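With mmCIF, C-alpha atoms, pLDDT in the B column; chains and numbers go by the auth columns inside, this is final-v2.cif:
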```cif
data_model
loop_
_atom_site.group_PDB
_atom_site.id
_atom_site.type_symbol
_atom_site.label_atom_id
_atom_site.label_comp_id
_atom_site.label_asym_id
_atom_site.label_seq_id
_atom_site.Cartn_x
_atom_site.Cartn_y
_atom_site.Cartn_z
_atom_site.B_iso_or_equiv
_atom_site.auth_seq_id
_atom_site.auth_asym_id
ATOM 1 C CA MET A 1 31.352 13.568 9.772 51.00 1 A
ATOM 2 C CA LYS A 2 32.286 12.132 6.427 57.00 2 A
ATOM 3 C CA ARG A 3 29.807 12.281 3.584 61.00 3 A
ATOM 4 C CA LEU A 4 28.200 8.911 2.848 54.00 4 A
ATOM 5 C CA SER A 5 27.663 7.624 -0.645 57.00 5 A
ATOM 6 C CA ALA A 6 24.840 5.330 -1.675 53.00 6 A
ATOM 7 C CA ALA A 7 27.389 2.661 -2.624 56.00 7 A
ATOM 8 C CA ASP A 8 28.983 2.572 0.863 59.00 8 A
ATOM 9 C CA PRO A 9 28.109 -0.871 2.310 59.00 9 A
ATOM 10 C CA ASN A 10 28.582 0.346 5.897 62.00 10 A
ATOM 11 C CA ARG A 11 26.340 3.407 5.624 60.00 11 A
ATOM 12 C CA VAL A 12 23.550 1.951 7.782 59.00 12 A
ATOM 13 C CA ALA A 13 25.987 0.995 10.521 64.00 13 A
ATOM 14 C CA ILE A 14 27.591 4.450 10.382 66.00 14 A
ATOM 15 C CA ILE A 15 24.211 6.178 10.656 65.00 15 A
ATOM 16 C CA VAL A 16 23.138 3.958 13.580 65.00 16 A
ATOM 17 C CA ARG A 17 26.404 4.670 15.412 70.00 17 A
ATOM 18 C CA ALA A 18 25.918 8.416 14.856 70.00 18 A
ATOM 19 C CA TRP A 19 22.395 8.316 16.274 65.00 19 A
ATOM 20 C CA ARG A 20 23.556 6.290 19.272 71.00 20 A
ATOM 21 C CA ARG A 21 26.265 8.876 19.958 72.00 21 A
ATOM 22 C CA ARG A 22 23.713 11.673 19.750 68.00 22 A
ATOM 23 C CA PHE A 23 21.337 9.842 22.086 66.00 23 A
ATOM 24 C CA ALA A 24 24.131 9.121 24.572 69.00 24 A
ATOM 25 C CA ALA A 25 25.115 12.799 24.541 67.00 25 A
ATOM 26 C CA ALA A 26 21.514 13.872 25.072 66.00 26 A
ATOM 27 C CA GLU A 27 21.102 11.339 27.887 61.00 27 A
ATOM 28 C CA ALA A 28 24.301 12.563 29.556 63.00 28 A
ATOM 29 C CA THR A 29 23.049 16.144 29.574 64.00 29 A
ATOM 30 C CA GLY A 30 19.616 15.094 30.851 60.00 30 A
ATOM 31 C CA ARG A 31 17.714 16.034 27.697 59.00 31 A
ATOM 32 C CA ALA A 32 16.677 12.485 26.815 54.00 32 A
ATOM 33 C CA ARG A 33 14.266 10.174 28.573 53.00 33 A
ATOM 34 C CA PRO A 34 16.195 7.283 30.141 48.00 34 A
ATOM 35 C CA GLY A 35 15.624 3.962 28.430 50.00 35 A
ATOM 36 C CA TYR A 36 13.275 5.487 25.873 49.00 36 A
ATOM 37 C CA GLU A 37 15.261 4.341 22.834 50.00 37 A
ATOM 38 C CA VAL A 38 15.525 0.773 24.132 50.00 38 A
ATOM 39 C CA TYR A 39 11.799 0.620 24.917 49.00 39 A
ATOM 40 C CA ILE A 40 10.759 1.944 21.505 50.00 40 A
ATOM 41 C CA ASN A 41 13.106 -0.403 19.653 50.00 41 A
ATOM 42 C CA LYS A 42 11.850 -3.364 21.687 49.00 42 A
ATOM 43 C CA THR A 43 8.226 -2.393 20.991 48.00 43 A
ATOM 44 C CA ARG A 44 8.853 -1.991 17.262 49.00 44 A
ATOM 45 C CA ARG A 45 10.658 -5.319 17.051 47.00 45 A
ATOM 46 C CA LYS A 46 7.895 -7.100 18.931 49.00 46 A
ATOM 47 C CA ASN A 47 4.966 -5.425 17.187 46.00 47 A
ATOM 48 C CA GLY A 48 6.350 -4.882 13.709 53.00 48 A
ATOM 49 C CA GLY A 49 6.154 -1.119 14.082 61.00 49 A
ATOM 50 C CA MET A 50 3.490 1.375 14.988 72.00 50 A
ATOM 51 C CA PRO A 51 1.298 2.992 12.361 80.00 51 A
ATOM 52 C CA PRO A 52 2.350 6.511 11.352 83.00 52 A
ATOM 53 C CA GLY A 53 0.552 9.614 12.587 84.00 53 A
ATOM 54 C CA HIS A 54 -1.548 10.134 9.477 89.00 54 A
ATOM 55 C CA VAL A 55 -3.164 6.746 10.098 91.00 55 A
ATOM 56 C CA HIS A 56 -4.340 7.779 13.564 92.00 56 A
ATOM 57 C CA PHE A 57 -5.563 11.099 12.139 94.00 57 A
ATOM 58 C CA THR A 58 -7.593 9.546 9.319 95.00 58 A
ATOM 59 C CA ILE A 59 -9.046 6.771 11.496 95.00 59 A
ATOM 60 C CA GLY A 60 -10.138 9.340 14.107 95.00 60 A
ATOM 61 C CA ALA A 61 -11.723 11.542 11.445 96.00 61 A
ATOM 62 C CA ALA A 62 -13.492 8.573 9.835 96.00 62 A
ATOM 63 C CA ILE A 63 -14.903 7.285 13.133 96.00 63 A
ATOM 64 C CA LEU A 64 -16.234 10.723 14.084 96.00 64 A
ATOM 65 C CA LEU A 65 -17.826 11.212 10.646 95.00 65 A
ATOM 66 C CA ILE A 66 -19.552 7.830 10.869 96.00 66 A
ATOM 67 C CA LEU A 67 -20.772 8.526 14.410 95.00 67 A
ATOM 68 C CA LEU A 68 -22.249 11.886 13.395 94.00 68 A
ATOM 69 C CA ILE A 69 -24.270 10.638 10.406 93.00 69 A
ATOM 70 C CA PRO A 70 -27.318 9.657 12.531 92.00 70 A
ATOM 71 C CA ILE A 71 -27.230 13.056 14.247 92.00 71 A
ATOM 72 C CA GLY A 72 -27.051 14.773 10.871 89.00 72 A
ATOM 73 C CA LEU A 73 -30.134 12.923 9.678 88.00 73 A
ATOM 74 C CA ARG A 74 -32.103 14.553 12.521 88.00 74 A
ATOM 75 C CA ASP A 75 -30.435 17.994 12.416 85.00 75 A
ATOM 76 C CA ASP A 76 -28.966 19.055 9.076 84.00 76 A
ATOM 77 C CA ARG A 77 -26.854 21.873 10.571 87.00 77 A
ATOM 78 C CA ILE A 78 -24.101 19.333 11.235 89.00 78 A
ATOM 79 C CA TYR A 79 -23.418 18.983 7.505 89.00 79 A
ATOM 80 C CA LYS A 80 -22.280 22.594 7.246 90.00 80 A
ATOM 81 C CA HIS A 81 -19.267 21.815 9.413 91.00 81 A
ATOM 82 C CA GLY A 82 -17.829 18.752 7.661 89.00 82 A
ATOM 83 C CA ALA A 83 -14.253 20.050 7.448 91.00 83 A
ATOM 84 C CA LEU A 84 -14.268 21.040 11.118 95.00 84 A
ATOM 85 C CA ILE A 85 -15.566 17.591 12.051 94.00 85 A
ATOM 86 C CA VAL A 86 -12.715 15.972 10.109 94.00 86 A
ATOM 87 C CA ALA A 87 -10.160 18.188 11.874 95.00 87 A
ATOM 88 C CA ILE A 88 -11.591 17.521 15.343 96.00 88 A
ATOM 89 C CA GLY A 89 -11.784 13.772 14.686 95.00 89 A
ATOM 90 C CA GLY A 90 -8.221 13.712 13.381 94.00 90 A
ATOM 91 C CA VAL A 91 -6.850 15.536 16.409 95.00 91 A
ATOM 92 C CA TRP A 92 -8.886 13.218 18.653 95.00 92 A
ATOM 93 C CA GLY A 93 -7.312 10.159 17.001 93.00 93 A
ATOM 94 C CA TYR A 94 -3.793 11.601 17.127 92.00 94 A
ATOM 95 C CA ALA A 95 -4.022 13.011 20.693 91.00 95 A
ATOM 96 C CA PRO A 96 -2.011 10.243 22.462 90.00 96 A
ATOM 97 C CA ASP A 97 0.930 11.012 20.148 88.00 97 A
ATOM 98 C CA PHE A 98 1.140 14.631 21.338 88.00 98 A
ATOM 99 C CA TYR A 99 3.804 13.527 23.826 85.00 99 A
ATOM 100 C CA ARG A 100 6.217 13.573 20.880 82.00 100 A
ATOM 101 C CA LEU A 101 5.592 17.300 20.451 83.00 101 A
ATOM 102 C CA THR A 102 5.781 18.166 24.150 84.00 102 A
ATOM 103 C CA SER A 103 7.777 16.993 27.121 78.00 103 A
ATOM 104 C CA ILE A 104 4.760 15.975 29.210 81.00 104 A
ATOM 105 C CA GLU A 105 5.396 12.530 30.696 84.00 105 A
ATOM 106 C CA ALA A 106 1.722 11.914 31.462 86.00 106 A
ATOM 107 C CA LEU A 107 0.945 11.966 27.731 86.00 107 A
ATOM 108 C CA GLU A 108 3.658 9.394 27.074 85.00 108 A
ATOM 109 C CA LYS A 109 2.276 7.138 29.804 88.00 109 A
ATOM 110 C CA LEU A 110 -1.192 7.546 28.282 89.00 110 A
ATOM 111 C CA HIS A 111 0.149 6.565 24.852 86.00 111 A
ATOM 112 C CA TYR A 112 1.547 3.270 26.152 86.00 112 A
ATOM 113 C CA SER A 113 -1.515 2.379 28.246 88.00 113 A
ATOM 114 C CA PRO A 114 -4.819 0.772 27.202 90.00 114 A
ATOM 115 C CA TRP A 115 -6.554 4.079 28.050 92.00 115 A
ATOM 116 C CA ALA A 116 -5.311 5.363 24.689 90.00 116 A
ATOM 117 C CA ASP A 117 -8.063 3.260 23.076 91.00 117 A
ATOM 118 C CA LEU A 118 -10.478 6.045 24.058 93.00 118 A
ATOM 119 C CA PHE A 119 -8.815 8.035 21.278 93.00 119 A
ATOM 120 C CA ALA A 120 -9.999 6.200 18.153 90.00 120 A
ATOM 121 C CA LEU A 121 -8.552 2.802 19.157 88.00 121 A
ATOM 122 C CA HIS A 122 -5.030 4.268 19.241 88.00 122 A
ATOM 123 C CA TYR A 123 -3.534 1.666 21.601 86.00 123 A
ATOM 124 C CA SER A 124 -4.996 -1.288 19.705 86.00 124 A
ATOM 125 C CA MET A 125 -3.699 -0.005 16.376 86.00 125 A
ATOM 126 C CA ASP A 126 -0.212 0.446 17.831 83.00 126 A
ATOM 127 C CA ARG A 127 -0.182 -3.146 19.072 80.00 127 A
ATOM 128 C CA THR A 128 -1.317 -4.982 15.938 77.00 128 A
ATOM 129 C CA GLY A 129 2.136 -5.414 14.431 68.00 129 A
ATOM 130 C CA LEU A 130 0.942 -4.732 10.911 71.00 130 A
ATOM 131 C CA GLY A 131 3.165 -2.742 8.593 67.00 131 A
ATOM 132 C CA ASP A 132 2.826 0.948 7.793 70.00 132 A
ATOM 133 C CA GLY A 133 1.667 0.315 4.233 78.00 133 A
ATOM 134 C CA TRP A 134 -1.213 -1.898 5.284 83.00 134 A
ATOM 135 C CA TRP A 135 -2.440 0.619 7.863 85.00 135 A
ATOM 136 C CA THR A 136 -2.191 3.464 5.354 87.00 136 A
ATOM 137 C CA ILE A 137 -4.331 1.606 2.815 90.00 137 A
ATOM 138 C CA VAL A 138 -6.949 0.649 5.411 90.00 138 A
ATOM 139 C CA SER A 139 -7.105 4.102 7.016 92.00 139 A
ATOM 140 C CA PHE A 140 -7.456 6.023 3.759 95.00 140 A
ATOM 141 C CA SER A 141 -10.040 3.548 2.434 96.00 141 A
ATOM 142 C CA LEU A 142 -12.081 3.891 5.621 96.00 142 A
ATOM 143 C CA PHE A 143 -11.698 7.677 5.530 96.00 143 A
ATOM 144 C CA PHE A 144 -12.867 8.008 1.910 97.00 144 A
ATOM 145 C CA ALA A 145 -15.783 5.629 2.543 97.00 145 A
ATOM 146 C CA SER A 146 -16.875 7.622 5.602 97.00 146 A
ATOM 147 C CA VAL A 147 -16.617 10.941 3.724 96.00 147 A
ATOM 148 C CA ALA A 148 -18.723 9.451 0.922 96.00 148 A
ATOM 149 C CA ALA A 149 -21.324 8.189 3.409 96.00 149 A
ATOM 150 C CA PHE A 150 -21.393 11.558 5.193 95.00 150 A
ATOM 151 C CA GLN A 151 -21.849 13.457 1.921 94.00 151 A
ATOM 152 C CA LEU A 152 -24.461 10.992 0.667 94.00 152 A
ATOM 153 C CA SER A 153 -26.502 11.393 3.841 93.00 153 A
ATOM 154 C CA ALA A 154 -26.182 15.191 3.507 92.00 154 A
ATOM 155 C CA TRP A 155 -27.486 14.927 -0.050 91.00 155 A
ATOM 156 C CA PHE A 156 -30.469 12.813 1.051 88.00 156 A
ATOM 157 C CA VAL A 157 -31.341 15.267 3.821 88.00 157 A
ATOM 158 C CA ALA A 158 -31.055 18.269 1.478 84.00 158 A
ATOM 159 C CA ARG A 159 -33.162 16.548 -1.179 82.00 159 A
ATOM 160 C CA ASP A 160 -35.926 15.698 1.285 80.00 160 A
ATOM 161 C CA ARG A 161 -36.077 19.188 2.802 73.00 161 A
ATOM 162 C CA GLU A 162 -36.086 21.280 -0.391 65.00 162 A
ATOM 163 C CA PRO A 163 -39.505 22.479 -1.561 62.00 163 A
ATOM 164 C CA THR A 164 -40.361 20.916 -4.881 55.00 164 A
ATOM 165 C CA GLN A 165 -40.714 23.497 -7.596 48.00 165 A
ATOM 166 C CA ARG A 166 -42.743 21.187 -9.846 46.00 166 A
ATOM 167 C CA ALA A 167 -45.622 20.989 -7.381 52.00 167 A
ATOM 168 C CA VAL A 168 -45.750 24.781 -7.117 53.00 168 A
ATOM 169 C CA GLU A 169 -45.568 25.288 -10.898 54.00 169 A
ATOM 170 C CA SER A 170 -48.276 22.730 -11.700 54.00 170 A
ATOM 171 C CA ASP A 171 -50.923 24.487 -9.580 53.00 171 A
#
```

Let me see the structure of the file written as structure tokens.
Amino acid sequence: MKRLSAADPNRVAIIVRAWRRRFAAAEATGRARPGYEVYINKTRRKNGGMPPGHVHFTIGAAILLILLIPIGLRDDRIYKHGALIVAIGGVWGYAPDFYRLTSIEALEKLHYSPWADLFALHYSMDRTGLGDGWWTIVSFSLFFASVAAFQLSAWFVARDREPTQRAVESD
């Protein structure tokens, strides 16, 4: 394959043709899912593209953090595991996209069905048609706000449960 320069006006067409050849070769040997490329391209054209994986991860982590704040107000042990909660929530939000890492067809069917909304509104986010940049801004803003709320509630709980030294010293 010839090396492409940035000034080559046909470089996009050359790259697209190369990918189509690779996909056709993979489909001929049975390594590709039939019609997958056409379906994805049709979905992206219709919906304006799906949000990237980090968006699903941060939205899942943010939702789980927000849901666990009321539990943390009753039992402060939850605040000791903040990083683990973020990781579990992120994997929960990204779970329908695991079909890209494996060859399990059931996961792919789950990803394109409304049942994927059980995983941090994954299906609904994929269908909005908003651009990647917009979703990235919203997801990181929501994530930072939820981390701040989680830490603030942890601070309030710790402040209320610490014995006051002034009362002991004044006696």

Polymer residues at most 12 Å from A:Tyr99, all atoms listed in the file, same-chain spacing of 2 or more positions, as a list in words:
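Returned residues: Arg33, Tyr94, Ala95, Pro96, Asp97, Leu101, Thr102, Ser103, Ile104, Glu105, Ala106, Leu107, Glu108, Lys109, Leu110, His111 and Tyr112 of chain A.
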
Pull the closest atom pair for each residue of stretch 127-153 of chain A that gets at most 12 Å from stretch 62-70 of chain A, along with the distance in Å to one decimal, counting only C-alpha atoms, ordering rows by chain and then ascending residue number, as a Markdown table.
```
| residue | atom | partner | partner_atom | distance |
| --- | --- | --- | --- | --- |
| A:Val138 | CA | A:Ala62 | CA | 11.2 |
| A:Ser139 | CA | A:Ala62 | CA | 8.3 |
| A:Phe140 | CA | A:Ala62 | CA | 8.9 |
| A:Ser141 | CA | A:Ala62 | CA | 9.6 |
| A:Leu142 | CA | A:Ala62 | CA | 6.5 |
| A:Phe143 | CA | A:Ala62 | CA | 4.7 |
| A:Phe144 | CA | A:Ala62 | CA | 8.0 |
| A:Ala145 | CA | A:Ala62 | CA | 8.2 |
| A:Ser146 | CA | A:Ala62 | CA | 5.5 |
| A:Val147 | CA | A:Leu65 | CA | 7.0 |
| A:Ala148 | CA | A:Leu65 | CA | 9.9 |
| A:Ala149 | CA | A:Ile66 | CA | 7.7 |
| A:Phe150 | CA | A:Ile69 | CA | 6.0 |
| A:Gln151 | CA | A:Ile69 | CA | 9.3 |
| A:Leu152 | CA | A:Ile69 | CA | 9.7 |
| A:Ser153 | CA | A:Ile69 | CA | 7.0 |
```

Work out how far apart atom CA of A:His122 and atom CA of A:Gly60 are and give it in Å to one decimal.
8.8 Å

Neighbours of A:Pro51 within 10 Å (all atoms listed in the file; same-chain residues fewer than 4 positions away dropped), as a list of chain:residue names?
A:Val55, A:His56, A:His122, A:Met125, A:Asp126, A:Arg127, A:Thr128, A:Gly129, A:Leu130, A:Gly131, A:Asp132, A:Gly133, A:Trp134, A:Trp135, A:Thr136

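In this structure, atom CA of A:Ala61 sits 14.7 Å away from atom CA of A:Asp117.
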
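A straight line drawn from atom CA of A:Gly53 to atom CA of A:Gly93 is 9.0 Å long.
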